[in-house]
>>> print(open('data28.csv').read())   # CSV, C-alpha atoms
chain,number,residue,atom,x,y,z
A,1,MET,CA,22.0,-7.4,3.8
A,2,LYS,CA,24.2,-4.6,5.3
A,3,PRO,CA,27.5,-4.2,3.4
A,4,ASP,CA,30.6,-5.5,5.3
A,5,ALA,CA,32.8,-2.5,6.0
A,6,ARG,CA,36.0,-4.2,4.8
A,7,ARG,CA,34.7,-6.4,2.0
A,8,VAL,CA,35.8,-5.7,-1.5
A,9,LEU,CA,34.6,-7.3,-4.7
A,10,PHE,CA,36.8,-7.3,-7.8
A,11,LEU,CA,35.2,-8.2,-11.1
A,12,ASP,CA,37.7,-9.1,-13.9
A,13,ALA,CA,35.9,-8.5,-17.2
A,14,GLY,CA,39.1,-9.0,-19.3
A,15,ALA,CA,37.3,-11.8,-21.2
A,16,GLY,CA,34.1,-9.8,-21.5
A,17,ALA,CA,30.9,-9.9,-19.6
A,18,ALA,CA,27.3,-10.9,-19.9
A,19,GLY,CA,24.5,-11.1,-17.4
A,20,ASP,CA,24.8,-14.9,-17.0
A,21,MET,CA,28.6,-14.7,-16.7
A,22,ILE,CA,28.3,-12.1,-13.8
A,23,LEU,CA,25.6,-14.2,-12.0
A,24,GLY,CA,27.6,-17.4,-12.5
A,25,ALA,CA,30.8,-15.8,-11.1
A,26,LEU,CA,29.0,-14.5,-8.0
A,27,ILE,CA,27.4,-17.8,-7.3
A,28,ASP,CA,30.7,-19.6,-7.8
A,29,ALA,CA,32.2,-17.1,-5.3
A,30,GLY,CA,29.8,-18.1,-2.6
A,31,ALA,CA,26.3,-16.7,-3.2
A,32,PRO,CA,24.1,-19.8,-2.6
A,33,LEU,CA,22.2,-20.8,-5.7
A,34,ALA,CA,19.2,-22.1,-3.7
A,35,ARG,CA,18.8,-18.8,-2.0
A,36,VAL,CA,19.1,-16.8,-5.2
A,37,LYS,CA,16.4,-19.0,-6.8
A,38,ARG,CA,14.2,-18.8,-3.7
A,39,GLU,CA,14.3,-15.0,-3.8
A,40,LEU,CA,13.7,-14.9,-7.6
A,41,ALA,CA,10.6,-17.1,-7.2
A,42,GLY,CA,8.5,-14.1,-6.1
A,43,LEU,CA,8.8,-12.4,-9.5
A,44,ASP,CA,5.7,-12.5,-11.7
A,45,LEU,CA,7.2,-14.2,-14.7
A,46,PRO,CA,6.3,-17.1,-17.0
A,47,ALA,CA,7.7,-20.5,-16.1
A,48,TRP,CA,11.5,-20.4,-16.0
A,49,SER,CA,14.4,-22.4,-14.6
A,50,LEU,CA,17.9,-21.4,-13.5
A,51,THR,CA,20.8,-23.9,-13.5
A,52,CYS,CA,24.4,-23.1,-12.6
A,53,ARG,CA,26.5,-26.2,-13.4
A,54,LYS,CA,30.2,-26.6,-13.3
A,55,THR,CA,32.0,-26.4,-16.6
A,56,LEU,CA,35.4,-25.9,-18.1
A,57,ARG,CA,36.7,-23.0,-20.3
A,58,CYS,CA,40.3,-23.5,-21.5
A,59,GLY,CA,40.9,-25.8,-18.6
A,60,ILE,CA,39.5,-23.4,-16.0
A,61,SER,CA,36.6,-24.6,-13.9
A,62,GLY,CA,33.6,-22.2,-13.4
A,63,ARG,CA,29.9,-21.9,-13.3
A,64,ASP,CA,27.7,-21.9,-16.5
A,65,ALA,CA,24.5,-20.0,-15.4
A,66,ARG,CA,21.6,-20.8,-17.8
A,67,VAL,CA,18.1,-19.4,-17.7
A,68,ARG,CA,15.5,-21.5,-19.6
A,69,VAL,CA,12.0,-20.1,-20.4
A,70,ARG,CA,9.0,-22.0,-21.8
A,71,GLY,CA,6.9,-20.1,-24.3
A,72,ASP,CA,7.6,-16.5,-23.6
A,73,ASP,CA,7.8,-13.9,-26.5
A,74,THR,CA,6.5,-10.9,-24.5
A,75,ALA,CA,7.9,-7.5,-25.3
A,76,ARG,CA,7.9,-5.8,-21.9
A,77,ASP,CA,8.2,-2.1,-21.4
A,78,TYR,CA,10.0,-0.4,-18.6
A,79,ARG,CA,6.8,0.2,-16.6
A,80,THR,CA,6.0,-3.5,-16.7
A,81,ILE,CA,9.5,-4.4,-15.6
A,82,ARG,CA,9.3,-1.9,-12.7
A,83,LYS,CA,6.0,-3.5,-11.7
A,84,ILE,CA,7.5,-7.0,-11.8
A,85,VAL,CA,10.6,-6.0,-9.8
A,86,ARG,CA,8.7,-3.9,-7.2
A,87,GLY,CA,6.1,-6.6,-6.7
A,88,GLY,CA,8.5,-9.5,-6.2
A,89,GLY,CA,8.9,-9.2,-2.5
A,90,LEU,CA,12.6,-8.4,-2.8
A,91,ALA,CA,14.7,-6.7,-0.2
A,92,ALA,CA,15.0,-2.9,-0.7
A,93,ASP,CA,18.7,-2.9,-1.7
A,94,VAL,CA,18.1,-5.7,-4.2
A,95,ARG,CA,15.1,-4.0,-5.7
A,96,GLU,CA,16.7,-0.6,-6.0
A,97,ARG,CA,20.0,-2.0,-7.5
A,98,ALA,CA,18.1,-4.0,-10.1
A,99,LEU,CA,15.9,-1.1,-11.1
A,100,ALA,CA,19.0,1.1,-11.5
A,101,VAL,CA,20.4,-1.4,-13.9
A,102,PHE,CA,17.2,-1.7,-15.8
A,103,GLU,CA,16.9,2.1,-16.1
A,104,ARG,CA,20.4,2.4,-17.6
A,105,LEU,CA,19.7,-0.5,-20.0
A,106,ILE,CA,16.3,0.7,-21.1
A,107,ARG,CA,17.5,4.3,-21.7
A,108,ALA,CA,20.4,3.0,-23.9
A,109,GLU,CA,18.1,0.8,-25.9
A,110,ALA,CA,15.5,3.5,-26.3
A,111,GLU,CA,18.2,6.0,-27.5
A,112,VAL,CA,19.4,3.5,-30.0
A,113,HIS,CA,15.9,2.9,-31.4
A,114,GLY,CA,14.7,6.5,-31.1
A,115,VAL,CA,11.9,5.4,-28.8
A,116,PRO,CA,10.7,7.3,-25.7
A,117,VAL,CA,11.7,5.4,-22.6
A,118,GLU,CA,8.3,4.9,-21.1
A,119,ARG,CA,6.8,3.8,-24.4
A,120,ALA,CA,9.6,1.5,-25.5
A,121,HIS,CA,8.6,-2.2,-26.1
A,122,LEU,CA,11.9,-4.0,-26.4
A,123,HIS,CA,12.3,-7.7,-26.5
A,124,GLU,CA,16.0,-7.6,-25.5
A,125,VAL,CA,15.3,-5.7,-22.3
A,126,GLY,CA,12.0,-7.4,-21.4
A,127,ALA,CA,13.1,-11.0,-21.9
A,128,VAL,CA,12.8,-13.2,-18.9
A,129,ASP,CA,16.5,-14.3,-19.0
A,130,ALA,CA,17.6,-10.6,-18.8
A,131,ILE,CA,15.3,-10.1,-15.8
A,132,VAL,CA,16.5,-13.2,-14.0
A,133,ASP,CA,20.2,-12.3,-14.7
A,134,ILE,CA,19.8,-8.7,-13.4
A,135,VAL,CA,17.7,-9.4,-10.4
A,136,GLY,CA,19.7,-12.6,-9.6
A,137,THR,CA,22.9,-10.6,-9.7
A,138,SER,CA,21.4,-8.0,-7.4
A,139,ILE,CA,20.4,-10.8,-4.9
A,140,ALA,CA,23.9,-12.3,-5.1
A,141,LEU,CA,25.5,-9.0,-4.4
A,142,SER,CA,23.3,-8.5,-1.4
A,143,ILE,CA,24.4,-11.8,-0.1
A,144,LEU,CA,28.1,-11.3,-0.6
A,145,ALA,CA,27.6,-7.7,0.8
A,146,PRO,CA,30.7,-5.9,-0.6
A,147,ARG,CA,31.2,-2.3,0.5
A,148,HIS,CA,33.4,-1.5,-2.5
A,149,ILE,CA,33.2,-2.9,-6.0
A,150,VAL,CA,36.1,-2.5,-8.5
A,151,VAL,CA,35.8,-3.6,-12.1
A,152,SER,CA,38.6,-4.0,-14.6
A,153,PRO,CA,38.5,-2.5,-18.1
A,154,MET,CA,35.8,-4.3,-20.1
A,155,THR,CA,36.7,-6.3,-23.2
A,156,THR,CA,34.1,-5.7,-25.9
A,157,GLY,CA,35.2,-7.8,-28.8
A,158,HIS,CA,34.9,-6.7,-32.4
A,159,GLY,CA,33.5,-7.8,-35.7
A,160,SER,CA,29.7,-8.1,-36.0
A,161,VAL,CA,26.7,-9.6,-34.2
A,162,ARG,CA,23.3,-10.6,-35.5
A,163,CYS,CA,20.4,-9.1,-33.6
A,164,GLN,CA,16.6,-9.0,-34.0
A,165,HIS,CA,16.8,-6.0,-36.3
A,166,GLY,CA,19.8,-7.1,-38.4
A,167,THR,CA,23.6,-7.4,-38.3
A,168,TYR,CA,25.3,-4.8,-36.1
A,169,PRO,CA,29.0,-4.0,-35.5
A,170,VAL,CA,30.5,-5.0,-32.2
A,171,PRO,CA,30.2,-3.4,-29.7
A,172,ALA,CA,26.5,-3.5,-30.3
A,173,PRO,CA,25.0,0.1,-30.4
A,174,ALA,CA,23.3,-0.2,-27.0
A,175,THR,CA,26.5,-1.6,-25.5
A,176,LEU,CA,28.5,1.3,-26.9
A,177,LEU,CA,26.2,3.8,-25.3
A,178,LEU,CA,26.3,2.1,-22.0
A,179,VAL,CA,30.1,2.2,-21.8
A,180,ARG,CA,30.4,5.9,-22.6
A,181,GLY,CA,33.0,7.3,-20.1
A,182,PHE,CA,34.1,3.8,-18.9
A,183,PRO,CA,37.3,1.9,-19.7
A,184,THR,CA,37.1,-0.6,-22.5
A,185,VAL,CA,39.4,-2.5,-24.9
A,186,ALA,CA,38.4,-4.4,-28.1
A,187,GLY,CA,40.5,-7.5,-27.5
A,188,GLU,CA,41.8,-10.0,-30.1
A,189,HIS,CA,38.7,-12.1,-30.9
A,190,ALA,CA,36.1,-11.1,-33.5
A,191,PHE,CA,32.8,-11.8,-31.6
A,192,GLU,CA,30.6,-10.1,-29.1
A,193,ARG,CA,32.3,-10.3,-25.7
A,194,LEU,CA,30.4,-7.6,-23.9
A,195,THR,CA,26.6,-7.7,-24.0
A,196,PRO,CA,24.2,-4.8,-23.3
A,197,THR,CA,23.0,-6.6,-20.1
A,198,GLY,CA,26.6,-7.2,-18.9
A,199,ALA,CA,27.6,-3.6,-19.7
A,200,ALA,CA,24.5,-2.2,-17.8
A,201,ILE,CA,25.2,-4.3,-14.7
A,202,LEU,CA,28.9,-3.4,-14.5
A,203,THR,CA,28.6,0.3,-15.2
A,204,THR,CA,25.8,0.5,-12.6
A,205,ILE,CA,27.4,-1.4,-9.7
A,206,ALA,CA,31.1,-0.3,-10.1
A,207,ASP,CA,32.5,2.0,-7.4
A,208,ALA,CA,35.9,2.2,-9.1
A,209,TRP,CA,37.7,0.9,-12.3
A,210,GLY,CA,41.2,-0.6,-12.7
A,211,PRO,CA,43.3,-3.6,-11.8
A,212,MET,CA,42.6,-5.7,-8.7
A,213,PRO,CA,43.1,-3.5,-5.7
A,214,ALA,CA,45.1,-4.5,-2.6
A,215,LEU,CA,43.0,-7.0,-0.7
A,216,LEU,CA,43.1,-10.2,1.2
A,217,PRO,CA,41.3,-12.7,-1.1
A,218,ARG,CA,38.6,-14.9,0.7
A,219,ALA,CA,36.7,-16.4,-2.2
A,220,ILE,CA,37.1,-16.6,-6.0
A,221,GLY,CA,34.5,-17.4,-8.6
A,222,TYR,CA,34.3,-17.9,-12.4
A,223,GLY,CA,31.3,-17.3,-14.6
A,224,ALA,CA,31.5,-19.0,-18.0
A,225,GLY,CA,30.6,-17.5,-21.3
A,226,ASP,CA,28.8,-19.4,-24.0
A,227,ARG,CA,31.9,-20.1,-26.2
A,228,ASP,CA,34.9,-22.1,-25.5
A,229,VAL,CA,37.6,-19.9,-27.1
A,230,PRO,CA,40.9,-21.7,-27.8
A,231,GLY,CA,43.8,-20.3,-25.7
A,232,VAL,CA,41.6,-17.8,-23.7
A,233,PRO,CA,39.5,-18.8,-20.7
A,234,ASN,CA,36.1,-17.3,-21.6
A,235,MET,CA,35.3,-16.5,-18.0
A,236,LEU,CA,34.4,-13.5,-15.9
A,237,ARG,CA,36.3,-13.7,-12.6
A,238,ALA,CA,35.0,-12.5,-9.2
A,239,VAL,CA,37.4,-12.1,-6.3
A,240,VAL,CA,35.9,-11.4,-2.8
A,241,GLY,CA,38.3,-10.2,-0.2
A,242,ASP,CA,38.9,-7.8,2.7
A,243,ALA,CA,40.6,-4.5,2.4
A,244,PRO,CA,44.0,-4.6,4.2
A,245,GLY,CA,44.5,-2.8,7.4
A,246,GLU,CA,42.9,-2.8,10.8
A,247,ALA,CA,39.2,-3.4,11.3
A,248,GLY,CA,38.8,0.2,12.5
A,249,SER,CA,40.5,1.9,9.6
A,250,ASP,CA,38.8,4.5,7.4
A,251,VAL,CA,36.5,3.5,4.5
A,252,GLU,CA,37.0,5.2,1.2
A,253,ARG,CA,34.3,4.9,-1.4
A,254,ARG,CA,33.0,6.7,-4.5
A,255,VAL,CA,30.0,8.9,-4.4
A,256,VAL,CA,28.1,11.0,-7.0
A,257,VAL,CA,27.4,14.7,-6.3
A,258,ILE,CA,24.3,16.0,-8.0
A,259,GLU,CA,23.6,19.8,-8.1
A,260,PHE,CA,21.1,22.1,-9.7
A,261,THR,CA,20.1,25.8,-9.2
A,262,VAL,CA,16.6,27.3,-9.3
A,263,ASP,CA,15.3,30.8,-8.9
A,264,ASP,CA,11.5,29.9,-9.2
A,265,ALA,CA,11.1,27.3,-6.5
A,266,THR,CA,9.3,28.1,-3.2
A,267,PRO,CA,10.8,27.3,0.2
A,268,GLN,CA,8.0,24.8,0.8
A,269,LEU,CA,8.8,23.0,-2.5
A,270,LEU,CA,12.6,22.8,-1.7
A,271,ALA,CA,11.9,21.5,1.8
A,272,TYR,CA,9.6,18.8,0.4
A,273,VAL,CA,12.1,17.8,-2.4
A,274,ALA,CA,15.0,17.6,0.1
A,275,GLU,CA,13.0,15.3,2.4
A,276,ARG,CA,11.9,13.1,-0.5
A,277,LEU,CA,15.4,12.8,-1.8
A,278,ARG,CA,16.6,11.7,1.7
A,279,GLU,CA,13.8,9.2,1.9
A,280,ALA,CA,14.8,7.9,-1.6
A,281,GLY,CA,18.3,7.1,-0.4
A,282,ALA,CA,20.4,10.4,-0.8
A,283,LEU,CA,23.3,10.3,1.6
A,284,ASP,CA,23.0,14.1,2.2
A,285,VAL,CA,20.9,17.0,0.8
A,286,PHE,CA,21.5,20.7,1.5
A,287,VAL,CA,20.4,24.0,0.0
A,288,THR,CA,22.6,27.1,-0.4
A,289,PRO,CA,21.4,30.6,-1.3
A,290,VAL,CA,23.0,31.9,-4.5
A,291,LEU,CA,22.7,35.0,-6.8
A,292,MET,CA,21.7,33.9,-10.3
A,293,LYS,CA,21.5,35.7,-13.6
A,294,LYS,CA,19.8,39.1,-13.8
A,295,GLY,CA,20.5,39.5,-10.1
A,296,ARG,CA,17.8,37.0,-9.1
A,297,PRO,CA,18.2,35.4,-5.7
A,298,GLY,CA,18.0,31.6,-6.0
A,299,HIS,CA,19.0,28.3,-4.4
A,300,ASN,CA,21.7,25.7,-5.2
A,301,VAL,CA,20.5,22.2,-4.2
A,302,THR,CA,23.3,19.7,-3.6
A,303,LEU,CA,22.8,16.0,-2.9
A,304,VAL,CA,25.3,13.2,-2.4
A,305,SER,CA,24.4,9.8,-3.8
A,306,ARG,CA,25.6,6.3,-4.0
A,307,PRO,CA,26.7,5.6,-7.6
A,308,ASP,CA,23.8,3.1,-8.2
A,309,ASP,CA,21.2,5.5,-6.9
A,310,SER,CA,22.4,8.6,-8.8
A,311,GLY,CA,20.2,8.2,-11.9
A,312,ARG,CA,17.0,7.6,-9.9
A,313,LEU,CA,17.7,10.6,-7.6
A,314,ALA,CA,18.5,12.9,-10.5
A,315,GLY,CA,15.2,11.8,-12.0
A,316,ILE,CA,13.3,12.8,-8.8
A,317,ALA,CA,15.0,16.2,-8.9
A,318,LEU,CA,14.0,16.7,-12.5
A,319,GLU,CA,10.4,15.6,-11.9
A,320,GLU,CA,9.8,17.6,-8.7
A,321,THR,CA,11.5,21.0,-9.3
A,322,PRO,CA,11.5,23.6,-12.1
A,323,THR,CA,15.1,22.9,-13.1
A,324,LEU,CA,15.8,21.9,-16.7
A,325,GLY,CA,19.0,19.9,-15.9
A,326,VAL,CA,21.3,18.7,-13.2
A,327,ARG,CA,25.1,18.5,-12.9
A,328,MET,CA,26.7,15.3,-11.8
A,329,ARG,CA,30.3,14.5,-10.8
A,330,ASP,CA,32.1,11.5,-9.3
A,331,GLU,CA,34.0,12.2,-6.0
A,332,ARG,CA,35.8,10.2,-3.4
A,333,ARG,CA,34.6,10.2,0.2
A,334,ILE,CA,36.4,8.9,3.3
A,335,GLU,CA,34.2,7.8,6.2
A,336,LEU,CA,34.9,6.9,9.7
A,337,GLN,CA,33.8,3.5,10.9
A,338,ARG,CA,30.4,4.1,12.3
A,339,GLU,CA,28.5,2.6,15.2
A,340,ILE,CA,25.2,3.4,17.0
A,341,VAL,CA,24.9,2.5,20.7
A,342,LYS,CA,22.0,3.0,23.1
A,343,VAL,CA,22.6,4.5,26.5
A,344,ARG,CA,20.3,4.7,29.5
A,345,THR,CA,19.8,8.2,31.1
A,346,ARG,CA,17.4,9.5,33.7
A,347,TYR,CA,15.3,10.8,30.8
A,348,GLY,CA,15.1,7.4,29.1
A,349,HIS,CA,17.2,5.5,26.5
A,350,VAL,CA,19.1,7.7,23.9
A,351,ARG,CA,20.9,6.5,20.9
A,352,VAL,CA,24.5,7.8,20.4
A,353,LYS,CA,26.4,7.9,17.1
A,354,LEU,CA,30.1,6.9,17.3
A,355,GLY,CA,32.9,7.4,14.8
A,356,HIS,CA,36.0,5.2,15.0
A,357,ARG,CA,39.4,5.5,13.3
A,358,ASP,CA,42.1,2.9,13.6
A,359,GLY,CA,40.2,1.3,16.4
A,360,ARG,CA,39.9,4.5,18.4
A,361,ARG,CA,36.7,6.4,19.1
A,362,ILE,CA,37.1,10.0,17.9
A,363,GLN,CA,33.5,11.2,17.5
A,364,ALA,CA,30.4,10.7,19.7
A,365,TRP,CA,27.1,12.6,19.6
A,366,PRO,CA,23.6,11.8,20.8
A,367,GLU,CA,20.8,11.3,18.3
A,368,PHE,CA,18.9,14.6,18.0
A,369,ASP,CA,15.4,13.1,17.6
A,370,ASP,CA,15.8,11.0,20.8
A,371,CYS,CA,17.1,13.9,22.8
A,372,ALA,CA,14.4,16.3,21.5
A,373,ALA,CA,11.6,13.8,22.4
A,374,ALA,CA,13.0,13.3,25.9
A,375,ALA,CA,13.4,17.0,26.4
A,376,ARG,CA,9.8,17.6,25.5
A,377,LYS,CA,8.6,14.7,27.6
A,378,HIS,CA,10.4,15.8,30.8
A,379,SER,CA,10.3,19.6,30.1
A,380,VAL,CA,14.0,20.1,30.4
A,381,PRO,CA,16.5,21.9,28.0
A,382,LEU,CA,17.7,19.9,25.0
A,383,ALA,CA,21.3,20.5,26.0
A,384,GLU,CA,20.7,18.8,29.4
A,385,VAL,CA,19.5,15.6,27.8
A,386,GLN,CA,22.4,15.6,25.3
A,387,GLN,CA,24.9,16.0,28.2
A,388,ALA,CA,23.2,13.3,30.2
A,389,ALA,CA,23.6,10.9,27.2
A,390,LEU,CA,27.3,11.7,26.8
A,391,SER,CA,27.8,11.2,30.6
A,392,ALA,CA,26.1,7.9,30.4
A,393,LEU,CA,28.3,6.9,27.4
A,394,ALA,CA,31.4,7.8,29.4
A,395,ARG,CA,30.2,5.8,32.4
A,396,ASP,CA,29.3,2.7,30.4
A,397,ARG,CA,32.4,2.7,28.2
>>> encode(input="data28.csv", output="structure tokens")
Amino acid sequence: MKPDARRVLFLDAGAGAAGDMILGALIDAGAPLARVKRELAGLDLPAWSLTCRKTLRCGISGRDARVRVRGDDTARDYRTIRKIVRGGGLAADVRERALAVFERLIRAEAEVHGVPVERAHLHEVGAVDAIVDIVGTSIALSILAPRHIVVSPMTTGHGSVRCQHGTYPVPAPATLLLVRGFPTVAGEHAFERLTPTGAAILTTIADAWGPMPALLPRAIGYGAGDRDVPGVPNMLRAVVGDAPGEAGSDVERRVVVIEFTVDDATPQLLAYVAERLREAGALDVFVTPVLMKKGRPGHNVTLVSRPDDSGRLAGIALEETPTLGVRMRDERRIELQREIVKVRTRYGHVRVKLGHRDGRRIQAWPEFDDCAAAARKHSVPLAEVQQAALSALARDR
């Protein structure tokens, strides 16, 4: 589903987070359980069931999401998980978000165990409940369609936790790798409050971190943790609302800028890579000539990515070009409200891109591909078709 331009999702992880807590909170906030289950049904997994019953934690009502699996002890590697997710008939945004979460999670687990990513066989990552939690959360986010997601600092807990390989300190090793560079707090209670799956989801989907932003709340949901902790509601809270201001106001969101330089790539290769990156979801790609070491002429490739696409796009750059590394940085981007309209000209229909600010149109430009096709068809200059489209826009609006 296309994100709502004004919709904001705030996830309060002050009590910690796990995959089932996040999924339960999103369902409690309005993502229909029946639809989530229906879209999950296409995954090639052993028999499983998902329930999301109402429960209480410290007097607060929320949803207890539970995945039950019968007879599965398979250790699935990342390649198998990709095959399951890609073959599940999911919408593109759901599929790509889920794969981005799995990539973060599997890389952290592989680093902890000293295993190459593609050869890792990890029970924790490959378990059916983790797959259902991650893909189910991606489905719920697609339904709620927030344009901007803000997450509070994550409470990790402290003490120790027993895992398959022994007793580990809290945060668990994989969790600690996943939260590098993100705000966390230990909290007062000595048990695991942030799981690797919860950490992977939150650090992948977040556009910003901090307290609840200014918004007009529309729906509130709570996802219950396993324990009922005295005096502390063991719940992850989801608040869905609209950003204040007029419907036509600017949209600010976080993007990731990825850059790398090469002096041994052919122009044909760079053109191919730029096109592939755009097809894979890059918001923008451009190439700049630069002078590199030893006086060699080279190229600086810059791409702009959504946060949850950045790891995958960086991987494409590393696989397809001779570069040995890429630079990544978070930046803020302010966008005009966008609209595409179709106008009728004597050369046929042409799409026109519009930019609005505070309810006022301040940008308008015809779609190049439409104008170029019409100019060739009618053997007229490109500028003539573009002007005809703008005249038709002025006439119709």
>>> closest_residue(input="data28.csv", among="A:Val239, A:Leu277, A:Ala394, A:Leu45", to="Ala364 (chain A)", atoms="all atoms listed in the file")
A:Ala394
>>> closest_atom_pairs(input="data28.csv", of="region 185-209 of chain A", to="region 329-337 of chain A", cutoff="12 Å", atoms="only C-alpha atoms", output="CSV")
residue,atom,partner,partner_atom,distance
A:Ala206,CA,A:Asp330,CA,11.9
A:Asp207,CA,A:Asp330,CA,9.7
A:Ala208,CA,A:Arg332,CA,9.8
>>> closest_residue(input="data28.csv", among="A:Ser142, A:Thr137, A:Thr195, A:Thr51", to="Thr156 (chain A)", atoms="only C-alpha atoms")
A:Thr195
>>> closest_residue(input="data28.csv", among="A:Ala13, A:Val385, A:Met235, A:Ala145", to="Ala186 (chain A)", atoms="all atoms listed in the file")
A:Ala13
>>> atom_distance(input="data28.csv", atom1="CA of Asp77 (chain A)", atom2="CA of Glu103 (chain A)")
11.0 Å
>>> build_atoms(input="data28.csv", residues="region 87-99 of chain A", atoms="N, CA and C atoms", output="CSV table (one decimal), in the frame of the given file")
chain,number,residue,atom,x,y,z
A,87,GLY,N,7.0,-5.7,-7.3
A,87,GLY,CA,6.1,-6.6,-6.7
A,87,GLY,C,6.6,-8.0,-6.4
A,88,GLY,N,7.9,-8.2,-6.4
A,88,GLY,CA,8.5,-9.5,-6.2
A,88,GLY,C,8.9,-9.8,-4.8
A,89,GLY,N,8.6,-8.9,-3.8
A,89,GLY,CA,8.9,-9.2,-2.5
A,89,GLY,C,10.4,-9.2,-2.2
A,90,LEU,N,11.1,-8.4,-3.0
A,90,LEU,CA,12.6,-8.4,-2.8
A,90,LEU,C,13.0,-7.4,-1.7
A,91,ALA,N,14.2,-7.6,-1.1
A,91,ALA,CA,14.7,-6.7,-0.2
A,91,ALA,C,14.9,-5.3,-0.9
A,92,ALA,N,14.9,-4.2,-0.1
A,92,ALA,CA,15.0,-2.9,-0.7
A,92,ALA,C,16.3,-2.7,-1.5
A,93,ASP,N,17.4,-3.2,-0.9
A,93,ASP,CA,18.7,-2.9,-1.7
A,93,ASP,C,18.7,-3.7,-3.0
A,94,VAL,N,18.1,-4.9,-2.9
A,94,VAL,CA,18.1,-5.7,-4.2
A,94,VAL,C,17.2,-5.1,-5.2
A,95,ARG,N,16.0,-4.6,-4.8
A,95,ARG,CA,15.1,-4.0,-5.7
A,95,ARG,C,15.7,-2.7,-6.3
A,96,GLU,N,16.2,-1.9,-5.5
A,96,GLU,CA,16.7,-0.6,-6.0
A,96,GLU,C,17.9,-0.8,-7.0
A,97,ARG,N,18.8,-1.7,-6.6
A,97,ARG,CA,20.0,-2.0,-7.5
A,97,ARG,C,19.5,-2.5,-8.9
A,98,ALA,N,18.6,-3.5,-8.8
A,98,ALA,CA,18.1,-4.0,-10.1
A,98,ALA,C,17.4,-3.0,-10.9
A,99,LEU,N,16.6,-2.1,-10.3
A,99,LEU,CA,15.9,-1.1,-11.1
A,99,LEU,C,16.9,-0.1,-11.7
